[in-house]
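Have a look at query-v2.txt below; it lists compact mmCIF, C-alpha atoms.
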# COMPACT_ATOMS: atom_id res chain seq x y z
CA MET A 150 -15.49 38.91 19.64
CA SER A 151 -18.24 39.19 22.27
CA VAL A 152 -19.68 36.24 24.19
CA SER A 153 -22.99 36.49 22.30
CA ALA A 154 -21.15 36.43 18.96
CA VAL A 155 -19.18 33.36 20.05
CA LEU A 156 -22.39 31.59 21.12
CA LYS A 157 -23.98 32.43 17.77
CA LYS A 158 -20.98 30.98 15.91
CA ILE A 159 -21.17 27.84 18.04
CA GLN A 160 -24.87 27.39 17.20
CA THR A 161 -24.20 27.69 13.48
CA CYS A 162 -21.18 25.35 13.58
CA PRO A 163 -21.91 22.16 15.55
CA ALA A 164 -18.68 20.47 14.41
CA GLY A 165 -16.65 23.42 15.68
CA ALA A 166 -18.61 23.43 18.94
CA ALA A 167 -17.88 19.72 19.39
CA GLY A 168 -14.19 20.42 18.78
CA LEU A 169 -14.08 23.23 21.35
CA ALA A 170 -15.92 21.05 23.86
CA GLY A 171 -13.34 18.32 23.32
CA VAL A 172 -10.49 20.78 23.85
CA LEU A 173 -12.06 21.96 27.14
CA PHE A 174 -12.63 18.32 28.13
CA LEU A 175 -8.86 17.81 27.87
CA LEU A 176 -7.68 21.22 29.04
CA LEU A 177 -9.58 21.53 32.33
CA PRO A 178 -8.43 18.16 33.79
CA ALA A 179 -4.88 18.97 32.66
CA ILE A 180 -4.92 22.33 34.46
CA TYR A 181 -6.54 20.95 37.61
CA ALA A 182 -4.68 17.61 37.58
CA PRO A 183 -3.33 17.98 41.16
CA PHE A 184 -6.89 18.43 42.42
CA ILE A 185 -7.98 15.23 40.64
CA ALA A 186 -5.00 12.90 41.11
CA ASN A 187 -2.44 13.44 43.85
CA GLY A 188 -0.67 11.29 46.41
CA ARG A 189 -0.47 14.16 48.87
CA PRO A 190 -3.54 15.03 50.97
CA PHE A 191 -5.19 18.43 50.80
CA VAL A 192 -5.33 18.46 54.61
CA LEU A 193 -3.53 16.18 57.08
CA MET A 194 -4.64 16.40 60.71
CA THR A 195 -2.40 14.59 63.22
CA PRO A 196 -2.05 14.85 67.02
CA GLN A 197 1.00 17.06 66.35
CA GLY A 198 -1.01 19.55 64.29
CA THR A 199 -2.53 20.27 60.90
CA SER A 200 -0.49 20.46 57.69
CA PHE A 201 -1.20 20.99 53.99
CA PRO A 202 1.23 18.78 51.99
CA PHE A 203 -0.74 19.48 48.83
CA LEU A 204 0.39 23.12 48.72
CA GLU A 205 4.05 22.20 48.40
CA PHE A 206 3.28 20.10 45.33
CA ILE A 207 1.42 23.05 43.81
CA PHE A 208 4.21 25.61 44.22
CA ALA A 209 7.24 23.30 44.01
CA PRO A 210 6.36 19.97 42.37
CA ASP A 211 9.00 17.29 42.95
CA SER A 212 9.31 16.41 39.27
CA SER A 213 12.14 16.69 36.77
CA GLU A 214 9.67 18.57 34.54
CA PHE A 215 8.89 21.13 37.24
CA PHE A 216 8.68 24.04 34.76
CA ILE A 217 5.69 22.56 32.89
CA TYR A 218 4.08 21.43 36.14
CA GLN A 219 4.49 24.89 37.66
CA LEU A 220 3.03 26.47 34.51
CA PHE A 221 -0.16 24.41 34.74
CA ASN A 222 -0.37 24.80 38.53
CA PHE A 223 -0.13 28.56 38.12
CA LEU A 224 -2.95 28.46 35.56
CA ALA A 225 -5.06 26.41 37.99
CA ILE A 226 -4.81 29.16 40.61
CA PHE A 227 -4.89 32.12 38.21
CA LEU A 228 -7.87 31.03 36.08
CA PRO A 229 -10.59 31.94 38.65
CA PHE A 230 -9.03 35.39 39.08
CA LEU A 231 -8.90 35.78 35.30
CA LEU A 232 -12.64 35.17 35.08
CA LEU A 233 -13.32 37.42 38.08
CA PHE A 234 -11.13 40.40 37.11
CA ARG A 235 -11.17 40.06 33.30
CA LYS A 236 -12.26 43.70 32.87
CA LYS A 237 -9.83 45.10 35.46
CA LYS A 238 -6.44 44.78 33.81
CA ILE A 239 -4.36 46.47 36.53
CA LEU A 240 -5.92 44.34 39.27
CA LEU A 241 -5.49 41.23 37.14
CA LEU A 242 -1.81 41.98 36.49
CA SER A 243 -1.18 42.65 40.18
CA THR A 244 -2.82 39.34 41.10
CA ALA A 245 -0.67 37.48 38.56
CA VAL A 246 2.54 38.99 39.98
CA LEU A 247 1.54 38.13 43.56
CA LEU A 248 0.71 34.55 42.57
CA LEU A 249 4.08 34.18 40.84
CA ILE A 250 6.04 34.97 44.02
CA PRO A 251 5.57 31.57 45.78
CA PHE A 252 6.31 29.73 42.51
CA ILE A 253 9.61 31.59 42.13
CA PHE A 254 10.85 31.40 45.72
CA THR A 255 9.75 27.85 46.62
CA SER A 256 12.35 25.19 45.81
CA PRO A 257 11.40 21.62 44.84
CA ARG A 258 12.01 19.02 47.54
CA MET A 259 11.79 15.28 47.15
CA ASP A 260 9.13 14.00 49.55
CA LYS A 261 9.01 10.20 49.95
CA THR A 262 6.42 10.20 52.74
CA ASP A 263 3.70 7.58 52.25
CA TYR A 264 0.74 9.76 53.20
CA ARG A 265 -1.80 6.99 52.60
CA LYS A 266 -0.18 4.79 55.24
CA LEU A 267 0.20 7.79 57.51
CA ALA A 268 -3.53 8.53 57.13
CA GLU A 269 -4.37 5.00 58.34
CA ARG A 270 -2.79 5.58 61.75
CA PRO A 271 -5.09 6.09 64.76
CA GLY A 272 -5.98 9.70 65.45
CA VAL A 273 -4.99 10.86 61.94
CA ARG A 274 -7.53 12.37 59.58
CA SER A 275 -6.96 13.43 55.99
CA ILE A 276 -8.65 14.59 52.80
CA PHE A 277 -7.25 13.20 49.54
CA ALA A 278 -7.96 13.88 45.88
CA PRO A 279 -10.49 11.61 44.11
CA ILE A 280 -7.53 9.62 42.72
CA PRO A 281 -5.14 9.42 45.71
CA TYR A 282 -2.09 8.44 43.65
CA GLY A 283 0.65 10.53 42.09
CA PRO A 284 1.77 9.98 38.49
CA VAL A 285 5.15 8.46 39.44
CA GLU A 286 4.17 6.56 42.61
CA ILE A 287 4.43 2.76 42.54
CA VAL A 288 1.22 1.81 44.29
CA SER A 289 0.26 -1.68 43.08
CA PRO A 290 1.51 -4.82 41.31
CA PRO A 291 2.49 -4.26 37.65
CA CYS A 292 -0.12 -4.46 34.88
CA GLU A 293 -3.11 -4.73 37.18
CA LYS A 294 -6.35 -4.66 35.22
CA PRO A 295 -8.98 -1.93 35.82
CA SER A 296 -10.67 -2.29 39.20
CA LEU A 297 -12.43 -0.23 41.84
CA ARG A 298 -9.05 0.68 43.35
CA HIS A 299 -7.43 1.60 40.02
CA PHE A 300 -10.28 2.16 37.60
CA LEU A 301 -7.93 2.35 34.58
CA GLY A 302 -5.50 -0.25 35.94
CA THR A 303 -1.75 0.09 36.48
CA ASP A 304 1.21 0.20 34.10
CA THR A 305 4.15 -2.20 33.79
CA VAL A 306 5.83 -0.65 36.83
CA GLY A 307 2.75 -0.51 39.07
CA ARG A 308 1.78 3.16 38.71
CA ASP A 309 -1.84 4.25 38.43
CA VAL A 310 -2.79 4.65 34.75
CA ALA A 311 -5.58 7.17 35.43
CA SER A 312 -3.16 9.49 37.23
CA ARG A 313 -0.51 9.12 34.52
CA LEU A 314 -3.10 9.66 31.79
CA ILE A 315 -4.26 12.95 33.35
CA TYR A 316 -0.73 14.26 33.86
CA GLY A 317 0.17 13.00 30.38
CA THR A 318 -2.52 15.35 29.07
CA ARG A 319 -0.44 18.21 30.48
CA VAL A 320 2.55 17.04 28.46
CA SER A 321 0.59 16.65 25.22
CA LEU A 322 -1.18 20.01 25.48
CA ALA A 323 1.98 21.84 26.55
CA VAL A 324 3.92 20.42 23.61
CA GLY A 325 1.04 20.91 21.17
CA ILE A 326 0.21 24.52 22.07
CA LEU A 327 3.68 25.87 22.90
CA ALA A 328 5.48 24.17 20.00
CA THR A 329 2.83 25.33 17.55
CA GLY A 330 3.07 28.82 19.08
CA ILE A 331 6.80 28.90 18.31
CA ALA A 332 6.13 27.67 14.77
CA LEU A 333 3.35 30.26 14.43
CA VAL A 334 5.67 33.17 15.32
CA ILE A 335 8.46 32.02 13.00
CA GLY A 336 6.25 31.01 10.07
CA THR A 337 4.10 34.14 10.25
CA SER A 338 7.13 36.45 10.43
CA VAL A 339 8.92 34.75 7.53
CA GLY A 340 5.77 34.60 5.38
CA LEU A 341 4.85 38.24 6.11
CA ALA A 342 8.30 39.53 5.24
CA ALA A 343 8.66 37.41 2.08
CA GLY A 344 5.16 38.27 0.80
CA TYR A 345 5.44 41.99 1.50
CA PHE A 346 8.97 42.79 0.32
CA ARG A 347 8.91 40.34 -2.62
CA GLY A 348 11.69 40.64 -5.21
CA TRP A 349 15.15 39.27 -4.39
CA PHE A 350 14.32 39.04 -0.68
CA ASP A 351 11.33 36.78 -1.37
CA LEU A 352 13.39 34.73 -3.85
CA CYS A 353 16.25 34.09 -1.39
CA VAL A 354 14.07 33.43 1.67
CA MET A 355 11.63 31.06 -0.02
CA ARG A 356 14.45 29.09 -1.70
CA LEU A 357 15.94 28.52 1.76
CA VAL A 358 12.51 27.47 3.03
CA GLU A 359 12.16 25.03 0.13
CA ILE A 360 15.54 23.51 1.01
CA LEU A 361 14.30 22.91 4.56
CA LEU A 362 11.11 21.45 3.12
CA CYS A 363 13.17 18.75 1.39
CA PHE A 364 14.08 17.17 4.75
CA PRO A 365 11.49 14.67 6.08
CA THR A 366 10.17 16.44 9.18
CA PHE A 367 9.78 13.41 11.43
CA LEU A 368 13.20 12.05 10.48
CA LEU A 369 14.67 15.45 11.28
CA LEU A 370 12.89 15.35 14.65
CA LEU A 371 14.37 11.93 15.41
CA ILE A 372 17.88 13.08 14.51
CA LEU A 373 17.68 16.26 16.59
CA MET A 374 16.14 14.49 19.60
CA SER A 375 18.76 11.74 19.50
CA LEU A 376 21.56 14.33 19.34
CA LEU A 377 20.12 16.37 22.20
CA GLY A 378 19.42 13.20 24.17
CA ASP A 379 23.16 12.55 24.43
CA TYR A 380 23.44 15.62 26.67
CA LYS A 381 20.93 14.06 29.12
CA PHE A 382 18.82 17.15 29.83
CA GLU A 383 16.79 16.76 33.01
CA GLN A 384 13.80 18.53 31.46
CA SER A 385 12.92 16.79 28.21
CA ILE A 386 9.58 18.55 27.56
CA PRO A 387 11.09 21.99 26.76
CA ILE A 388 13.52 20.28 24.36
CA VAL A 389 10.63 18.49 22.59
CA ILE A 390 8.71 21.79 22.40
CA LEU A 391 11.71 23.62 20.96
CA VAL A 392 12.55 20.96 18.38
CA ILE A 393 8.96 20.54 17.13
CA GLY A 394 8.46 24.31 17.08
CA LEU A 395 11.64 24.97 15.09
CA THR A 396 10.76 22.32 12.49
CA GLY A 397 7.02 22.94 12.15
CA TRP A 398 6.82 26.46 10.69
CA ILE A 399 7.64 25.78 7.03
CA GLY A 400 4.12 25.05 5.79
CA LEU A 401 2.73 28.05 7.65
CA ALA A 402 5.33 30.33 6.00
CA PHE A 403 4.07 29.30 2.55
CA LEU A 404 0.45 29.84 3.61
CA VAL A 405 1.09 33.30 5.09
CA ARG A 406 3.16 34.38 2.08
CA GLY A 407 0.33 33.44 -0.30
CA GLU A 408 -2.26 35.29 1.77
CA VAL A 409 -0.03 38.37 1.99
CA LEU A 410 0.48 38.40 -1.78
CA LYS A 411 -3.30 38.41 -2.23
CA GLN A 412 -3.75 41.24 0.28
CA CYS A 413 -0.96 43.31 -1.26
CA ALA A 414 -2.92 43.43 -4.52
CA LEU A 415 -5.78 45.28 -2.75
CA PRO A 416 -6.02 49.12 -2.76
CA TYR A 417 -5.69 49.63 1.01
CA VAL A 418 -2.07 48.43 0.99
CA ALA A 419 -1.14 50.85 -1.82
CA SER A 420 -2.88 53.65 0.10
CA CYS A 421 -0.77 52.88 3.19
CA VAL A 422 2.43 52.94 1.13
CA VAL A 423 1.51 56.28 -0.50
CA ALA A 424 0.66 57.72 2.94
CA GLY A 425 4.16 56.83 4.12
CA VAL A 426 3.13 54.21 6.70
CA PRO A 427 6.22 52.26 7.86
CA ALA A 428 6.59 48.74 6.45
CA TRP A 429 6.45 47.05 9.88
CA ARG A 430 3.18 48.85 10.65
CA ILE A 431 1.64 47.81 7.32
CA MET A 432 2.63 44.20 7.95
CA TYR A 433 1.57 43.85 11.58
CA LYS A 434 -1.24 46.42 11.88
CA HIS A 435 -2.95 46.05 8.50
CA LEU A 436 -1.95 42.84 6.73
CA LEU A 437 -1.79 40.50 9.73
CA PRO A 438 -5.35 41.18 11.03
CA ASN A 439 -6.71 40.42 7.55
CA ILE A 440 -5.07 36.99 7.34
CA THR A 441 -5.80 35.90 10.92
CA GLY A 442 -8.48 33.37 9.87
CA PRO A 443 -6.20 31.06 7.82
CA ILE A 444 -3.47 31.37 10.47
CA LEU A 445 -5.84 30.27 13.27
CA ILE A 446 -7.05 27.33 11.17
CA SER A 447 -3.45 26.33 10.53
CA PHE A 448 -2.72 26.71 14.25
CA THR A 449 -5.40 24.17 15.25
CA PHE A 450 -4.11 21.64 12.72
CA GLY A 451 -0.57 22.38 13.90
CA VAL A 452 -1.47 21.64 17.54
CA ALA A 453 -2.96 18.29 16.52
CA GLY A 454 0.15 17.48 14.48
CA ALA A 455 2.49 18.48 17.34
CA ILE A 456 0.60 16.28 19.81
CA LEU A 457 0.87 13.36 17.39
CA SER A 458 4.59 14.04 16.85
CA GLU A 459 5.27 14.15 20.61
CA SER A 460 3.38 10.90 21.17
CA SER A 461 5.27 9.25 18.31
CA LEU A 462 8.63 10.44 19.66
CA SER A 463 7.78 9.26 23.17
CA PHE A 464 6.57 5.91 21.82
CA LEU A 465 9.94 5.44 20.09
CA GLY A 466 11.83 6.53 23.21
CA PHE A 467 13.12 9.85 21.82
CA GLY A 468 10.53 12.17 23.36
CA VAL A 469 9.50 12.79 26.96
CA GLN A 470 11.69 10.64 29.18
CA PRO A 471 10.50 8.39 32.02
CA PRO A 472 9.26 8.63 34.69
CA THR A 473 7.41 11.70 33.34
CA PRO A 474 3.99 10.45 32.14
CA SER A 475 3.05 10.78 28.48
CA TRP A 476 0.50 9.15 26.21
CA GLY A 477 3.20 7.84 23.89
CA GLY A 478 5.10 6.39 26.85
CA LEU A 479 2.01 4.50 28.02
CA LEU A 480 1.48 3.11 24.53
CA ARG A 481 5.13 2.04 24.44
CA GLN A 482 4.64 0.00 27.62
CA ALA A 483 1.92 -2.02 25.86
CA PHE A 484 4.08 -2.72 22.81
CA ASP A 485 5.35 -6.12 23.99
CA ASN A 486 1.90 -7.57 24.60
CA PRO A 487 -0.90 -5.22 23.48
CA LEU A 488 -3.68 -7.79 24.03
CA ASP A 489 -2.82 -8.55 27.64
CA TYR A 490 -1.99 -4.91 28.33
CA TRP A 491 -5.11 -3.72 26.54
CA HIS A 492 -5.76 -0.98 29.11
CA LEU A 493 -2.36 0.54 28.27
CA THR A 494 -3.35 0.55 24.61
CA PHE A 495 -6.99 1.56 24.72
CA PHE A 496 -7.07 4.48 27.18
CA PRO A 497 -4.00 6.42 25.93
CA GLY A 498 -5.09 5.70 22.34
CA LEU A 499 -8.58 7.02 23.11
CA ALA A 500 -7.13 10.17 24.68
CA LEU A 501 -4.93 10.71 21.63
CA PHE A 502 -7.91 10.16 19.32
CA ILE A 503 -10.05 12.69 21.24
CA ALA A 504 -7.24 15.28 21.23
CA ILE A 505 -6.53 15.04 17.49
CA LEU A 506 -10.23 15.00 16.59
CA SER A 507 -11.05 17.92 18.90
CA PHE A 508 -8.35 20.25 17.56
CA ASN A 509 -9.16 19.31 13.95
CA PHE A 510 -12.87 19.94 14.51
CA SER A 511 -12.21 23.24 16.29
CA SER A 512 -10.78 24.53 13.00
CA TYR A 513 -14.37 24.62 11.69
CA PHE A 514 -15.18 27.23 14.32
CA PHE A 515 -12.30 29.47 13.22
CA ARG A 516 -13.21 28.92 9.58
CA LYS A 517 -16.66 30.30 10.33
CA ALA A 518 -15.24 33.09 12.47
CA LYS A 519 -12.67 34.43 10.01
Would you kindly transcribe this structure into structure tokens?
Amino acid sequence: MSVSAVLKKIQTCPAGAAGLAGVLFLLLPAIYAPFIANGRPFVLMTPQGTSFPFLEFIFAPDSSEFFIYQLFNFLAIFLPFLLLFRKKKILLLSTAVLLLIPFIFTSPRMDKTDYRKLAERPGVRSIFAPIPYGPVEIVSPPCEKPSLRHFLGTDTVGRDVASRLIYGTRVSLAVGILATGIALVIGTSVGLAAGYFRGWFDLCVMRLVEILLCFPTFLLLLILMSLLGDYKFEQSIPIVILVIGLTGWIGLAFLVRGEVLKQCALPYVASCVVAGVPAWRIMYKHLLPNITGPILISFTFGVAGAILSESSLSFLGFGVQPPTPSWGGLLRQAFDNPLDYWHLTFFPGLALFIAILSFNFSSYFFRKAK
């Protein structure tokens, strides 16, 4: 779809445009989080020389969830090149490979240097991010209310809420998009195969799917996360993504199967069969493009549902583990006294509300575009 066609769709669908704007409002700060909130200066000039501590955090973030952090940091650097070389695929691919090299060969290193105190020394100059606090740094007394120093306050440990909220957006979007992507691949494949082959294959596959449907999804998530939590994985986000993705494809499989059955009744499918087109080519080259609209609509709702599931799991203590920031974790901190800790209730709740509303509204755009 061309840019002019997209703009025309946006003009005719204000709700969808509002949804896409909300998604960008969340996505851009998540990608460029280190440029917005970071305890390491961009440039540190001392009598001994000039250093760039910020670069180390970009290529090798000192976080237990370094894979997700590296993924977003890579996107932050790669996105300008994507816009610049979008029509030059070879140049774009070469740039991506070159940018991956420092991410692969730079090892994470715990850095406990207090750069803010270092910057206060005589003869030292520095340039910090607008929010000069990292998401896991203890920088103030616990539960400090919003102020000029911490404009969203601090949490129950003394970490800056604004910084944790921005980095928590990374967690929510990573879980929402990647988990729904896994569910999309599984559900689409199962639905395509069941709807196309029909007969005994459809009967057996869909009966198994209906058995899985009998299990309450959220209860199944809790059971799986509690079992996996006993193994004490250092990176909890990939586990959350995997569990939500492997349990969230069932509804999509039913949807795809129904759409495939409708398409199979049309003459073009019979023409492909008579012409001897292989089954896999009919499914993925002919049927799939004609049912893309409903799949994309389901994808947007699935992302919203996955974000809500991750926040619920983190709120209950089964999701993303501390000290990694998450919206559900911030809400959990306010559970004991939500009125006094109103800033820990309101701001993460508002972010969650915007995310769910934005992805649900963006489905209107795909409904018009199908």
Residues of region 336-412 of chain A at most 7 Å from region 436-459 of chain A: nearest atom pair and distance in Å, only C-alpha atoms, as a tab-separated table:
residue	atom	partner	partner_atom	distance
A:Ile393	CA	A:Ala455	CA	6.8
A:Glu408	CA	A:Ile440	CA	6.5
A:Val409	CA	A:Leu436	CA	6.8
A:Gln412	CA	A:Leu436	CA	6.9
Can you measure CA of Glu205 (chain A) to CA of Pro257 (chain A) for me? One decimal in Å is fine. 8.2 Å
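Distance cut-off 6 Å, centre (2.4, 13.3, 34.9), atoms counted all atoms listed in the file; the residues meeting this are Pro284, Arg313, Tyr316, Gly317, Thr473 and Pro474 of chain A.
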Quick check, in Å to one decimal: how far apart do CA of Thr366 (chain A) and CA of Leu410 (chain A) lie? 26.4 Å
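Across the structure, CA of Phe496 (chain A) and CA of Glu286 (chain A) are spaced 19.2 Å apart.
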With 8 Å added on each side, what axis-aligned box encloses every listed atom of region 269-280 of chain A? Give the centre and edge lengths in Å to one decimal, as lines of an AutoDock Vina configuration file.
center_x = -6.6
center_y = 9.8
center_z = 54.1
size_x = 23.7
size_y = 25.6
size_z = 38.7
Selected residue, from A:Tyr513, A:Gln482, A:Thr244, A:Cys353, that lies nearest to Pro291 (chain A) when counting all atoms listed in the file: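 Of A:Tyr513, A:Gln482, A:Thr244, A:Cys353, the one nearest Pro291 (chain A) is A:Gln482, counting all atoms listed in the file.
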Between A:Gly198, A:Arg481, A:Leu228, A:Ile386, which one has atoms that come closest to Leu322 (chain A), using only C-alpha atoms?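 Closest residue, counting only C-alpha atoms: A:Ile386.
With all atoms listed in the file as the atoms that count, the minimum distance from Arg356 (chain A) to the choices A:Tyr218, A:Phe403, A:Tyr490, A:Phe227 is reached by A:Phe403.
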May I have the protein, DNA and RNA residues with any atom at most 9 Å from the point (-11.2, 17.9, 14.4), counting all atoms listed in the file, written as a count of residues only? 18
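With all atoms listed in the file as the atoms that count, the residue of A:Phe191, A:Phe254, A:Phe502, A:Trp349 with the shortest distance to Val172 (chain A) is A:Phe502.
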Pick out the closest residue to Phe215 (chain A) from this set: A:Leu231, A:Ile250, A:Ser275, A:Arg319. Count only C-alpha atoms.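 Closest to Phe215 (chain A), using only C-alpha atoms: A:Arg319.
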